[in-house]
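Visitor: Below you will find the structure I want to go over with you.
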Amino acid sequence: MTHESASRPHRVVVLALDGLLPFELGIPHRIFGRPKDAAGRHLYTVVTCSVRPPGPVQTDADFAIHVENGPEALATADTVVIPASYELGPVFEEGVLTDELAAALAHIRPGTRLASICTGVYVLAAARRLDGRPATTHWSDAEHLQRLFPRIRVDADVLFIDDGDVLTSAGVAAGIDLCLHMVRRDHGTAVANEVARHTVVPPHRAGGQAQYIHRPVPDPQLATTTGARAWALERLHEPLQLRDMAEQESMSVRTFTRRFREEVGVSPGQWLTQQRVERARHLLESTDLSVDQVARDAGFGTAQSLRQHLQATLGVTPTAYRRTFRTDSPDPAADRTSGAGGRQSLAVSRG
């Protein structure tokens, strides 16, 4: 997890390349520009730079943008974000960096967190930052990315992949999911949820890219599972059964499960676990409830079950997670399970 001192916000530098998508360029500024601490100080500063001295950068639209920082700004970054570009040239076609791009990337300090949105992953791949690691990109480019860079483990089904110091996302709006995830990883669920509310986006999307790949559009006249999901969210602390959720929509279990997967992208059981983990994270950050009580309120039943699910999802124990986001962590002996600290070694999100 990343925590900057009150006097120095975490610095995010966004690399603007010719052919960029203006929508994606604006995502880091919108998401990282919002979070503040209790004293009203910004938790991040965000600047944009190009691979050339200050000047215009072409977009995929009918206008250019003026970027006031050259590649030297990359040397000041704690996190570098590379949005997509439709004019990557040799990077996309041959898997090699241009001299200009290689010189720009050389400014990045060792240990800097790297993130890409959509085809920005090709820059990280050509720079050999993804060899032997998992990565994702827009589903339509995933097969090409795998052929061009066979040493990368490409996953075309997920919205983003967090591999610790390198993160990659799918196309366009998945960049919002990725940036919200980084805020959540740095400062917790409450801060990320506040940013999501002001951005008018869901703090955590269910499903993955698979739900967008050559799938028929469900008949709008057919019943949906929306009501069952709303019903379940109000009862996460209860031992919910699949048949109970199906009954809310007057469907058979088989029909409900199929319809749920079509709409959400995961099974009802996987979705319930995701929601319970999010509930547990919120309680660990915002309350003084014991780990046992958090487990019960989130629907995991026992502290051991909560530990197992949090370890599997985040790579941390409940107490370690609470300690990361709270300075008044209660009952340090409540969780005696040894485990990772705050850093996620691999977190693959499907929404």
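Following the order of the structure tokens, chains are lettered A, B, ..., residues in each are numbered from 1, and ligands are numbered from 1.
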Please run DSSP on the backbone and report, as number ranges by chain, all residues within segment 121-187 of chain A that come out as strand (DSSP E or B).
Guide: A: 134-135, 153-154, 160-162, 166-169
Visitor: Taking 4 positions as the minimum chain separation for residues in the same chain, which residues sit within 9 Å of Asp78 of chain A when counting only C-alpha atoms? Answer as a PyMOL selection string.
Guide: chain A and resi 10-13+74+109+111-114
Visitor: In terms of the shortest atom-to-atom distance over only C-alpha atoms, which of A:Pro53, A:Pro83, A:Gly188, A:Pro318 is closest to Tyr122 of chain A?
Guide: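 Closest to Tyr122 of chain A of all the choices is A:Pro83.
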Visitor: Check the DSSP output for the backbone and give back, as a PyMOL selection string, the residues of segment 30-145 of chain A in helix (DSSP H, G or I).
Guide: chain A and resi 30-32+71-76+90-93+99-105+118-126+139-145
Visitor: List the spatial neighbours of segment 170-176 of chain A as a PyMOL selection string - criterion: any atom at most 9 Å away, only C-alpha atoms, same-chain residues fewer than 4 positions off excluded.
Guide: chain A and resi 21+23-24+27-28+31+83-84+116-119+136-139+156-161+180-181+201+209+351
Visitor: Within 10 Å of segment 295-308 of chain A, counting only C-alpha atoms, which residues show up once you throw out same-chain ones fewer than 4 positions away? Write them as a ChimeraX atom specification, please.
Guide: /A:235-240,272-273,275-284,289-291,312-313,315-319,334-335,337,339
Visitor: Based on the selection just made, write C-alpha atoms of those residues as a PDB file, in the first residue's frame.
Guide:
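Dumped everything to out-v2.pdb:
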```
ATOM      1  CA  ARG A 235     -29.062  -9.444   3.729  1.00  0.00           C
ATOM      2  CA  LEU A 236     -25.342 -10.142   3.309  1.00  0.00           C
ATOM      3  CA  HIS A 237     -25.135 -11.029   6.999  1.00  0.00           C
ATOM      4  CA  GLU A 238     -27.590 -13.885   6.482  1.00  0.00           C
ATOM      5  CA  PRO A 239     -26.783 -17.395   5.140  1.00  0.00           C
ATOM      6  CA  LEU A 240     -28.226 -16.771   1.680  1.00  0.00           C
ATOM      7  CA  LEU A 272     -21.957 -12.828  -3.190  1.00  0.00           C
ATOM      8  CA  THR A 273     -18.361 -13.429  -2.108  1.00  0.00           C
ATOM      9  CA  GLN A 275     -19.945  -8.208  -2.104  1.00  0.00           C
ATOM     10  CA  ARG A 276     -19.136  -9.736   1.275  1.00  0.00           C
ATOM     11  CA  VAL A 277     -15.445  -8.959   0.881  1.00  0.00           C
ATOM     12  CA  GLU A 278     -16.323  -5.343   0.057  1.00  0.00           C
ATOM     13  CA  ARG A 279     -18.597  -5.202   3.108  1.00  0.00           C
ATOM     14  CA  ALA A 280     -15.843  -6.603   5.325  1.00  0.00           C
ATOM     15  CA  ARG A 281     -13.324  -4.081   3.998  1.00  0.00           C
ATOM     16  CA  HIS A 282     -15.697  -1.230   4.764  1.00  0.00           C
ATOM     17  CA  LEU A 283     -16.311  -2.467   8.307  1.00  0.00           C
ATOM     18  CA  LEU A 284     -12.617  -3.025   8.988  1.00  0.00           C
ATOM     19  CA  LEU A 289     -15.889  -4.100  15.483  1.00  0.00           C
ATOM     20  CA  SER A 290     -13.871  -7.194  16.320  1.00  0.00           C
ATOM     21  CA  VAL A 291     -12.792  -9.466  13.491  1.00  0.00           C
ATOM     22  CA  ALA A 312      -7.399 -15.155  -1.242  1.00  0.00           C
ATOM     23  CA  THR A 313      -8.698 -11.812  -2.541  1.00  0.00           C
ATOM     24  CA  GLY A 315      -3.294 -11.314   0.172  1.00  0.00           C
ATOM     25  CA  VAL A 316      -3.700  -9.843   3.679  1.00  0.00           C
ATOM     26  CA  THR A 317      -5.287 -10.802   6.993  1.00  0.00           C
ATOM     27  CA  PRO A 318      -8.152  -8.743   8.457  1.00  0.00           C
ATOM     28  CA  THR A 319      -5.928  -7.247  11.146  1.00  0.00           C
ATOM     29  CA  ALA A 334      -7.709 -10.691  17.311  1.00  0.00           C
ATOM     30  CA  ASP A 335      -6.120 -12.088  14.179  1.00  0.00           C
ATOM     31  CA  THR A 337      -2.858 -15.580  11.298  1.00  0.00           C
ATOM     32  CA  GLY A 339       0.365 -13.332   6.289  1.00  0.00           C
TER      33      GLY A 339
END
```
Visitor: List as a ChimeraX atom specification the protein and nucleic acid residues near Leu88 of chain A, meaning an atom at most 9 Å away when only C-alpha atoms are counted, but skip any in the same chain fewer than 5 places from it.
Guide: /A:17-19,93,97,119-120,122-123
Visitor: So how many Å separate atom CA of Leu15 of chain A and atom CA of Val46 of chain A, to one decimal?
Guide: 10.9 Å
Visitor: Report, in Å to a single decimal, how far apart atom CA of Asp131 of chain A and atom CA of Phe92 of chain A are.
Guide: 16.1 Å
Visitor: Using atom CA of Val14 of chain A and atom CA of Val47 of chain A as the two end points, give the distance in Å to one decimal.
Guide: 6.2 Å
Visitor: Between A:Val253, A:Leu145, A:Ile108, A:Ala61, which one has atoms that come closest to Gly95 of chain A, using only C-alpha atoms?
Guide: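 Smallest distance to Gly95 of chain A is found for A:Leu145.
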Visitor: Point out the residue among A:Glu285, A:Glu263, A:Glu72, A:Asp163 with the least atom-to-atom distance to Val191 of chain A, counting only C-alpha atoms.
Guide: A:Glu285
Visitor: Which residues are close to Pro54 of chain A, i.e. within 12 Å by only C-alpha atoms, leaving aside same-chain residues fewer than 3 positions away? Reply as a CSV table (one decimal) with C-alpha atoms, in the first residue's frame.
Guide:
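Written output follows (result.csv):
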```csv
chain,number,residue,atom,x,y,z
A,16,ALA,CA,0.3,11.5,-23.4
A,48,THR,CA,0.6,15.3,-17.8
A,49,CYS,CA,3.7,15.0,-19.9
A,50,SER,CA,4.7,14.0,-23.5
A,51,VAL,CA,7.8,12.3,-25.0
A,57,VAL,CA,0.0,16.2,-28.9
A,65,ILE,CA,-4.0,19.1,-26.8
A,66,HIS,CA,-1.2,21.3,-25.5
A,67,VAL,CA,1.0,19.4,-23.0
A,68,GLU,CA,3.1,21.7,-20.8
A,69,ASN,CA,5.6,19.1,-19.5
A,70,GLY,CA,8.3,17.1,-21.4
A,71,PRO,CA,9.5,13.6,-20.5
A,72,GLU,CA,11.6,14.9,-17.6
A,73,ALA,CA,8.4,14.9,-15.6
```
